[in-house]
Amino acid sequence: MSLWRQLTRGVRVLTHRKDADQEIDEEVQDFLEQAAAELEANGLSHEDARRTARLEIGSPINIREQVRSYGWEHLFGTLVADLHFAMRQLLRNPGFALVSLITLALGIGASTAIFSAVNPILFQPLPYPHAERVMVIQEMRRNGSPRPVNFATFFGLSKVSQIFDATAALKMWQPTLVGTDEPERLDGQRVSADYFRVLGILPLQGRSFQPSDDQFRGPNVVVLSDRLWRRRFAGDISIIGKQVTLDESLYTVIGVMPGSFENVAGPTAELWAPLQYDSSLPIDGREWGHHLHMLGRLRAGVSANQASSELGRMMHPFAKTYAKGYDCCGGAPDTMVVTRLQDEITRSVKPALLAILGAVGLVLLVVCVNVTNLLLARSGRRRSEFSMRVALGAGRTRLIRQLLAESLLLAAVGGILGMIVAKVGVRAIVALSPPGLPRVEAIRIDSAVFMFAIAITSLVGIVVGLVPALQASHSDPHKSMQQRSRTTAGGHQFTQQVLVISEVALALVLLAGAGLMLRSMERLFSIDPGFESAHLLTMQIQESGRRFNDDNVRARFFTDALEAVRRVPGVTSAAFTSQLPLSGDLDIYGMEFQSRPGDNSESMLRYAVSPTYFETMGIPLIAGRSLDERDRAGAPGAIVISASVAKRKFPGKNPIGQRVRVGLDAGHADRPWATIVGVVGDVKQTSLALTASDAFYTSTTQWSWVDTAQSLVIRTRGDAAALAPAIKQAVWSVDKGEPIMRVATMDNLVTTSEAERHFAMTLFEAFGMVALLLAAVGIYGVLSGGVTERTREIGVRTALGATRVDILALILRQGMKLTEIGAGIGLCGSLIASQALISMLYGISRFDPITYVGVIALIACLAGIACWVPAWRAAQLDPSITLRAE
Amino acid sequence: MENSNNTDLIQGTLDMLILKTLSIQPMHAFGISRRIEQISRGVFKVNPGSLLTAFQRLERAGWLDATWRQTENSRRAKFYSLTRAGKKQLEFETADWTRRATAIAWLLNAEI
């Protein structure tokens with residue numbers, strides 16, 4: 001109640017200032033008169049009584065001021081006055097205001113934009129209830145990296161596990177939706193029954209999947225995303241129970257997910273259907289391929305480590321029972337790895353994001369330093385004003401408050417402009433973001449980001465205002481009123497120099513980071529990926545649909561399509577492969593060597609390729625022959641291995657003619673051996689930075705099945721990208737409507753495979769440049785301020801015989817000294833800070849001398865230019881004018 | 001000033017004294033000031049600035065009501081009176097003060 005009274009009374013005083021003042025005056029007057037009346041009654045004359053009362057009580061004006069200073073409205077009033085004055089000060093000096101505002105807007109905007117990207121990805125939990133319990137479960141082979149599970153592992157573990165509330169397996173699914181509009185290829189997921197239970201989000205309409213949906217040859221049911229439901233079905237409320245046509249089959253819609261549902265495990269997925277794998281685990285089925293992602297919701301109170309070891313223990317007996325099944329796909333897992341879904345999806349981008357966050361923090365620091373510097377330079381010019389205020393009775397706190405009001409106003413306007421910068425920045429980040437960046441849709445300016453912006457704006461406002469305010473309030477009014485500010489270059493010059501030094505140091509740290517990453521990228525892109533990426537076009541044909549259930553029909557389609565593509569003018573050669581390097585494909589199968597029968601511990605990348613694959617890709621043949629038309633179904637098995645396998649398994653021996661069993665045959669004594677016919681160079685499959693993985697190649701027709709998704713690689717005479725439409729037409733001339741995806745030149749794939757580094761590098765470069773520019777402005781500001789203040793001194797020097805060169809050197813030396821000290825400190829700083837970049841560097845040491853030399857040279861250059869201008873100006877001063885001017 | 005028994009008010013006691021004075025009857029500023037001075041036998045003297053500021057504070061806390069009224073000699077003056085909440089507050093502060101004062105007296109009289 002009293003708070004309300006506080007507010008209403010305060011507002012009344014503010015809105016009716018005159019009435020309030022009059023009331024106080026009247027009361028004081030009344031007090032005075034009564035006091036006088038009392039004295040008069042005691043015998044004093046009228047005049048004397050009045051005078052005495054007045055003396056006793058004090059000046060009515062003072063009383064009024066004392067009463068007025070009570071209450072929040074008084075503080076508010078002062079603040080308004082301070083801000084009003086601050087505004088006038090800013091407007092009086094538009095150049096200063098403009099430069100500071102641009103600087104602040106850049107700093108606040110950039111940090112806000114980066115925060116808006118980093119916050120949902122790294123700091124906020126995933127948008128699921130108890131998201132910290134949603135785990136990714138992966139298999140791990142001894143001295144290998146984690147790999148996706150196969151259906152057997154998922155099935156075996158989910159049956160027995162007590163440590164998860166629910167588990168689910170999923171894979172990508174790209175059905176074609178046929179409806180009233182033209183056919184559309186959609187991104188979706190095939191998921192096991194409990195998928196939505198694991199995430200903890202259920203459909204808003206209809207129901208989720210039940211175990212009875214997820215049976216081999218079970219019913220065709222589908223759950224739609226809110227977006228798809230609105231886009232393709234116009235938000236039809238009676239959609240549940242209706243049928244839609246997907247890949248020429250009828251599916252019944254059983255549910256629609258809420259609009260807020262974010263499918264982190266497959267951000268582009270718009271619909272979900274049950275997995276429907278065969279739980280009798282047929283030995284030659286897709287159930288054994290490691291292509292399923294497994295998620296689980298941990299029971300409350302169970303840790304990830306407990307879960308990992310528990311699953312590992314359960315895995316062993318199961319893997320023994322199904323040893324045959326696991327043998328065909330690289331052996332049973334030795335251990336299971338359970339990690340938080342959030343950690344898993346952010347793993348590849350986390351180092352880059354943290355580095356960028358650190359970098360933007362440095363930029364903000366440079367911005368603060370720069371604006372502080374500008375404020376200091378200005379308060380140097382305003383020193384006599386401050387002295388006057390102090391002389392007139394302004395207290396120290398009052399002066400500090402006034403100056404802080406000015407810097408806060410500056411920061412606030414800068415912050416508002418910064419939000420515009422942030423808005424553009426967020427868009428730029430999303431556009432630049434590497435494909436692996438999770439939760440891109442959650443990157444926006446929301447309330448958390450807004451609060452962040454307000455917080456840093458106020459912080460910046462206080463930080464940049466504090467130093468000048470303290471310095472101004474320290475100054476002795478007596479001294480500075482006597483002196484004329486122009487003739488002295490006192491304390492503020494020293495502080496400014498310290499600030500400039502720190503600016504140079506910060507800029508150097510940022511530039512060194514950018515430089516190290518630039519050098520890493522150079523190193524990475526100079527790595528030989530194992531094939532010739534120029535003039536190579538790639539695309540994936542992923543056919544699905546009933547007509548192709550027969551392997552022979554499917555094989556014929558791919559053969560015919562290849563023939564058609566080869567006839568396109570400009571194509572020199574073309575081939576199919578089951579997996580494409582640097583495209584994100586990862587397909588691993590087992591290999592058994594005749595020299596060590598029964599040992600199935602080898603797992604390798606498996607490429608099922610058409611005859612001219614090596615020639616088309618430009619993968620060098622090192623020994624033997626490549627795969628050709630001879631290696632057709634029914635002919636003796638022919639295998640080509642990678643150089644790394646040859647070196648490791650056949651050291652000093654000729655691998656040609658050695659015998660192996662691969663894939664489904666590995667570990668099956670009743671299956672025939674295949675012969676190694678050739679050795680080819682190693683190829684980078686997953687990333688340029690990773691060392692080559694072991695690989696084997698088989699002919700498409702000799703593999704146990706015909707892959708539904710195959711990548712077409714086309715070597716072209718001219719520009720690869722330009723041929724894409726003609727090649728698509730050629731494929732469609734064989735079978736109209738075959739979905740073609742992932743069309744990209746090989747050069748593009750190579751670049752994209754390092755997108756995270758590239759992303760971080762681009763931002764570091766931008767930030768480094770901004771910092772460098774600000775540092776140069778800082779140097780320029782201090783020096784030119786110094787020259788102005790030392791005009792007289794320079795005049796005297798010239799008059800005493802200093803030449804222009806001497807003056808030039810004097811000022812240059814002063815500026816370069818600041819740069820040297822700053823660079824020295826920055827060098828130490830960046831040697832330490834580079835620690836944080838280690839995971840993003842490749843092929844160079846974090847102490848790479850070339851980077852540091854280059855960066856220091858760059859800074860020296862720009863600093864030189866920044867020094868030259870004021871130095872030149874100083875050298876041009878005419879002593880006869882400057883001396884008279886004082 | 002031959003008689004410097006004019007002690008400054010102990011921090012925070014002015015409010016209590018005002019409330020106490022008003023508990024007898026509504027009064028205007030000068031009356032309250034005189035009353036405090038008289039009853040304390042001149043030990044406490046309240047300057048009008050502090051007094052008026054205290055009125056603002058107490059009124060906003062809801063302990064005082066203020067109205068402009070005619071005085072006996074038919075002049076306009078601002079009269080203050082205690083509200084129900086003000087009475088409660090006075091009781092509370094009195095009890096609190098007594099407790100403290102007793103405790104301090106004990107301490108000062110204790111033979112250590």
# chains A, B, ... in the order shown; residues from 1 in each chain; ligands from 1
call {"tool": "interface_residues", "arguments": {"of": "chain B", "to": "chain A", "cutoff": "8 Å", "atoms": "only C-alpha atoms", "output": "VMD selection string"}}
result
chain B and resid 29 to 30 47 to 50 52 to 53 56 to 57 60 to 62 77 to 78
call {"tool": "write_last_selection", "arguments": {"atoms": "N, CA and C atoms", "output": "PDB file, in the first residue's frame"}}
result
ATOM      1  N   ALA B  29       2.615  21.890  11.962  1.00  0.00           N
ATOM      2  CA  ALA B  29       4.062  21.701  12.075  1.00  0.00           C
ATOM      3  C   ALA B  29       4.665  22.466  13.250  1.00  0.00           C
ATOM      4  N   PHE B  30       4.278  23.753  13.350  1.00  0.00           N
ATOM      5  CA  PHE B  30       4.881  24.566  14.408  1.00  0.00           C
ATOM      6  C   PHE B  30       4.536  24.013  15.789  1.00  0.00           C
ATOM      7  N   ASN B  47      14.586  21.225  13.671  1.00  0.00           N
ATOM      8  CA  ASN B  47      14.515  22.295  12.675  1.00  0.00           C
ATOM      9  C   ASN B  47      13.434  21.989  11.650  1.00  0.00           C
ATOM     10  N   PRO B  48      12.789  23.039  11.146  1.00  0.00           N
ATOM     11  CA  PRO B  48      11.617  22.834  10.294  1.00  0.00           C
ATOM     12  C   PRO B  48      11.915  21.977   9.064  1.00  0.00           C
ATOM     13  N   GLY B  49      13.125  22.096   8.516  1.00  0.00           N
ATOM     14  CA  GLY B  49      13.458  21.299   7.323  1.00  0.00           C
ATOM     15  C   GLY B  49      13.317  19.817   7.600  1.00  0.00           C
ATOM     16  N   SER B  50      13.948  19.356   8.717  1.00  0.00           N
ATOM     17  CA  SER B  50      13.872  17.938   9.053  1.00  0.00           C
ATOM     18  C   SER B  50      12.436  17.551   9.341  1.00  0.00           C
ATOM     19  N   LEU B  52       9.543  18.866   8.247  1.00  0.00           N
ATOM     20  CA  LEU B  52       8.683  18.758   7.067  1.00  0.00           C
ATOM     21  C   LEU B  52       9.052  17.537   6.223  1.00  0.00           C
ATOM     22  N   THR B  53      10.354  17.265   6.147  1.00  0.00           N
ATOM     23  CA  THR B  53      10.777  16.071   5.406  1.00  0.00           C
ATOM     24  C   THR B  53      10.217  14.813   6.074  1.00  0.00           C
ATOM     25  N   GLN B  56       6.649  14.238   5.169  1.00  0.00           N
ATOM     26  CA  GLN B  56       6.523  13.608   3.833  1.00  0.00           C
ATOM     27  C   GLN B  56       6.697  12.087   3.945  1.00  0.00           C
ATOM     28  N   ARG B  57       7.745  11.719   4.677  1.00  0.00           N
ATOM     29  CA  ARG B  57       8.092  10.309   4.796  1.00  0.00           C
ATOM     30  C   ARG B  57       6.968   9.544   5.489  1.00  0.00           C
ATOM     31  N   ARG B  60       3.775   9.237   3.481  1.00  0.00           N
ATOM     32  CA  ARG B  60       3.864   8.226   2.409  1.00  0.00           C
ATOM     33  C   ARG B  60       3.864   6.823   2.967  1.00  0.00           C
ATOM     34  N   ALA B  61       4.336   6.694   4.218  1.00  0.00           N
ATOM     35  CA  ALA B  61       4.303   5.369   4.822  1.00  0.00           C
ATOM     36  C   ALA B  61       2.880   5.023   5.260  1.00  0.00           C
ATOM     37  N   GLY B  62       1.976   6.025   5.250  1.00  0.00           N
ATOM     38  CA  GLY B  62       0.592   5.749   5.608  1.00  0.00           C
ATOM     39  C   GLY B  62       0.323   5.910   7.087  1.00  0.00           C
ATOM     40  N   ALA B  77      -3.871  26.365   8.012  1.00  0.00           N
ATOM     41  CA  ALA B  77      -2.640  25.651   8.372  1.00  0.00           C
ATOM     42  C   ALA B  77      -2.815  24.170   8.042  1.00  0.00           C
ATOM     43  N   LYS B  78      -1.687  23.528   7.836  1.00  0.00           N
ATOM     44  CA  LYS B  78      -1.750  22.104   7.487  1.00  0.00           C
ATOM     45  C   LYS B  78      -1.712  21.298   8.787  1.00  0.00           C
TER      46      LYS B  78
END
call {"tool": "closest_atom_pairs", "arguments": {"of": "stretch 690-793 of chain A", "to": "stretch 181-203 of chain A", "cutoff": "12 Å", "atoms": "only C-alpha atoms", "output": "CSV"}}
result
residue,atom,partner,partner_atom,distance
A:Gly737,CA,A:Pro183,CA,8.8
A:Glu738,CA,A:Arg185,CA,10.2
A:Pro739,CA,A:Arg185,CA,7.4
A:Ile740,CA,A:Arg185,CA,9.6
A:Met741,CA,A:Arg185,CA,9.6
call {"tool": "residues_around", "arguments": {"residues": "B:Leu14", "least_positions_apart": "6", "cutoff": "12 Å", "atoms": "only C-alpha atoms", "output": "VMD selection string"}}
result
chain B and resid 8 20 to 21 32 to 33 36 to 37 44 to 48 50 to 55 57 to 58 90 93
call {"tool": "closest_residue", "arguments": {"among": "A:Val869, A:Leu524, A:Met761, A:Leu341", "to": "A:Met135", "atoms": "only C-alpha atoms"}}
result
A:Leu341
call {"tool": "select_by_dssp", "arguments": {"residues": "stretch 559-636 of chain A", "states": "strand (DSSP E or B)", "output": "PyMOL selection string"}}
result
chain A and resi 571-577+588-593+602-609+621-624
call {"tool": "residues_around", "arguments": {"residues": "A:Tyr697", "least_positions_apart": "6", "cutoff": "10 Å", "atoms": "only C-alpha atoms", "output": "compact mmCIF listing (two decimals) with C-alpha atoms, in the first residue's frame"}}
result
# COMPACT_ATOMS: atom_id res chain seq x y z
CA THR A 577 29.59 -44.99 -55.82
CA SER A 578 27.74 -46.13 -52.72
CA MET A 604 36.75 -50.56 -43.20
CA LEU A 605 35.00 -48.04 -45.36
CA ARG A 606 33.06 -49.87 -48.05
CA TYR A 607 32.68 -48.43 -51.52
CA ALA A 608 30.53 -50.26 -54.05
CA VAL A 609 31.48 -48.57 -57.30
CA SER A 610 30.83 -48.80 -61.02
CA TYR A 613 35.00 -44.76 -60.60
CA PHE A 614 38.77 -44.41 -60.00
CA SER A 626 41.06 -51.26 -61.26
CA LEU A 627 37.58 -52.75 -61.23
CA ALA A 638 37.43 -58.81 -57.09
CA ILE A 639 38.43 -56.34 -54.39
CA VAL A 640 40.54 -53.18 -54.58
CA ILE A 641 42.07 -52.00 -51.31
CA SER A 642 43.39 -48.64 -50.21
CA VAL A 662 34.13 -58.78 -47.18
CA ILE A 676 42.57 -58.44 -54.16
CA GLY A 678 44.42 -53.71 -57.10
CA VAL A 679 45.62 -51.02 -54.69
CA VAL A 680 44.55 -47.37 -54.96
CA TRP A 703 28.08 -56.58 -53.69
call {"tool": "residues_around", "arguments": {"residues": "B:Ala85", "least_positions_apart": "3", "cutoff": "8 Å", "atoms": "only C-alpha atoms", "output": "number ranges by chain"}}
result
B: 62-63, 82, 88-89
call {"tool": "write_last_selection", "arguments": {"atoms": "C-alpha atoms", "output": "compact mmCIF listing (two decimals), in the first residue's frame"}}
result
# COMPACT_ATOMS: atom_id res chain seq x y z
CA GLY B 62 0.59 5.75 5.61
CA TRP B 63 1.04 6.72 9.25
CA LEU B 82 -2.36 9.87 13.22
CA LYS B 88 0.13 0.66 15.49
CA GLN B 89 3.54 1.89 14.40
call {"tool": "select_by_dssp", "arguments": {"residues": "stretch 571-627 of chain A", "states": "helix (DSSP H, G or I)", "output": "mmCIF file with C-alpha atoms, in the first residue's frame"}}
result
data_model
loop_
_atom_site.group_PDB
_atom_site.id
_atom_site.type_symbol
_atom_site.label_atom_id
_atom_site.label_comp_id
_atom_site.auth_asym_id
_atom_site.auth_seq_id
_atom_site.Cartn_x
_atom_site.Cartn_y
_atom_site.Cartn_z
ATOM 1 C CA TYR A 613 35.003 -44.761 -60.596
ATOM 2 C CA PHE A 614 38.766 -44.411 -59.995
ATOM 3 C CA GLU A 615 39.388 -42.759 -63.340
ATOM 4 C CA THR A 616 36.478 -40.361 -62.864
ATOM 5 C CA MET A 617 37.495 -39.355 -59.354
#
call {"tool": "atom_distance", "arguments": {"atom1": "atom CA of A:Leu408", "atom2": "atom CA of A:Ala455"}}
result
11.8 Å
call {"tool": "residues_around", "arguments": {"residues": "stretch 118-120 of chain A", "least_positions_apart": "6", "cutoff": "12 Å", "atoms": "only C-alpha atoms", "output": "ChimeraX atom specification"}}
result
/A:111-112,126-127,264,342,346,349-358,360,426,429-430,433,437-450,452
call {"tool": "atom_distance", "arguments": {"atom1": "atom CA of A:Ala836", "atom2": "atom CA of A:Phe764"}}
result
13.3 Å
call {"tool": "residues_around", "arguments": {"residues": "A:Val366", "least_positions_apart": "2", "cutoff": "12 Å", "atoms": "only C-alpha atoms", "output": "VMD selection string"}}
result
chain A and resid 103 to 104 106 to 108 359 to 364 368 to 373 460 464 499 to 510 767 to 778
call {"tool": "decode", "arguments": {"residues": "stretch 493-510 of chain A", "atoms": "C-alpha atoms", "output": "mmCIF file, in the first residue's frame"}}
result
data_model
loop_
_atom_site.group_PDB
_atom_site.id
_atom_site.type_symbol
_atom_site.label_atom_id
_atom_site.label_comp_id
_atom_site.auth_asym_id
_atom_site.auth_seq_id
_atom_site.Cartn_x
_atom_site.Cartn_y
_atom_site.Cartn_z
ATOM 1 C CA GLN A 493 47.407 11.939 -21.649
ATOM 2 C CA PHE A 494 49.018 9.216 -19.594
ATOM 3 C CA THR A 495 45.733 7.349 -19.107
ATOM 4 C CA GLN A 496 45.010 7.709 -22.804
ATOM 5 C CA GLN A 497 48.380 6.248 -23.662
ATOM 6 C CA VAL A 498 47.723 3.271 -21.409
ATOM 7 C CA LEU A 499 44.391 2.785 -23.136
ATOM 8 C CA VAL A 500 45.931 2.950 -26.602
ATOM 9 C CA ILE A 501 48.536 0.397 -25.581
ATOM 10 C CA SER A 502 45.807 -1.964 -24.431
ATOM 11 C CA GLU A 503 43.927 -1.423 -27.675
ATOM 12 C CA VAL A 504 46.963 -2.402 -29.711
ATOM 13 C CA ALA A 505 47.476 -5.428 -27.483
ATOM 14 C CA LEU A 506 43.862 -6.572 -27.826
ATOM 15 C CA ALA A 507 43.882 -6.072 -31.584
ATOM 16 C CA LEU A 508 47.037 -8.146 -31.818
ATOM 17 C CA VAL A 509 45.464 -11.009 -29.860
ATOM 18 C CA LEU A 510 42.472 -11.036 -32.188
#
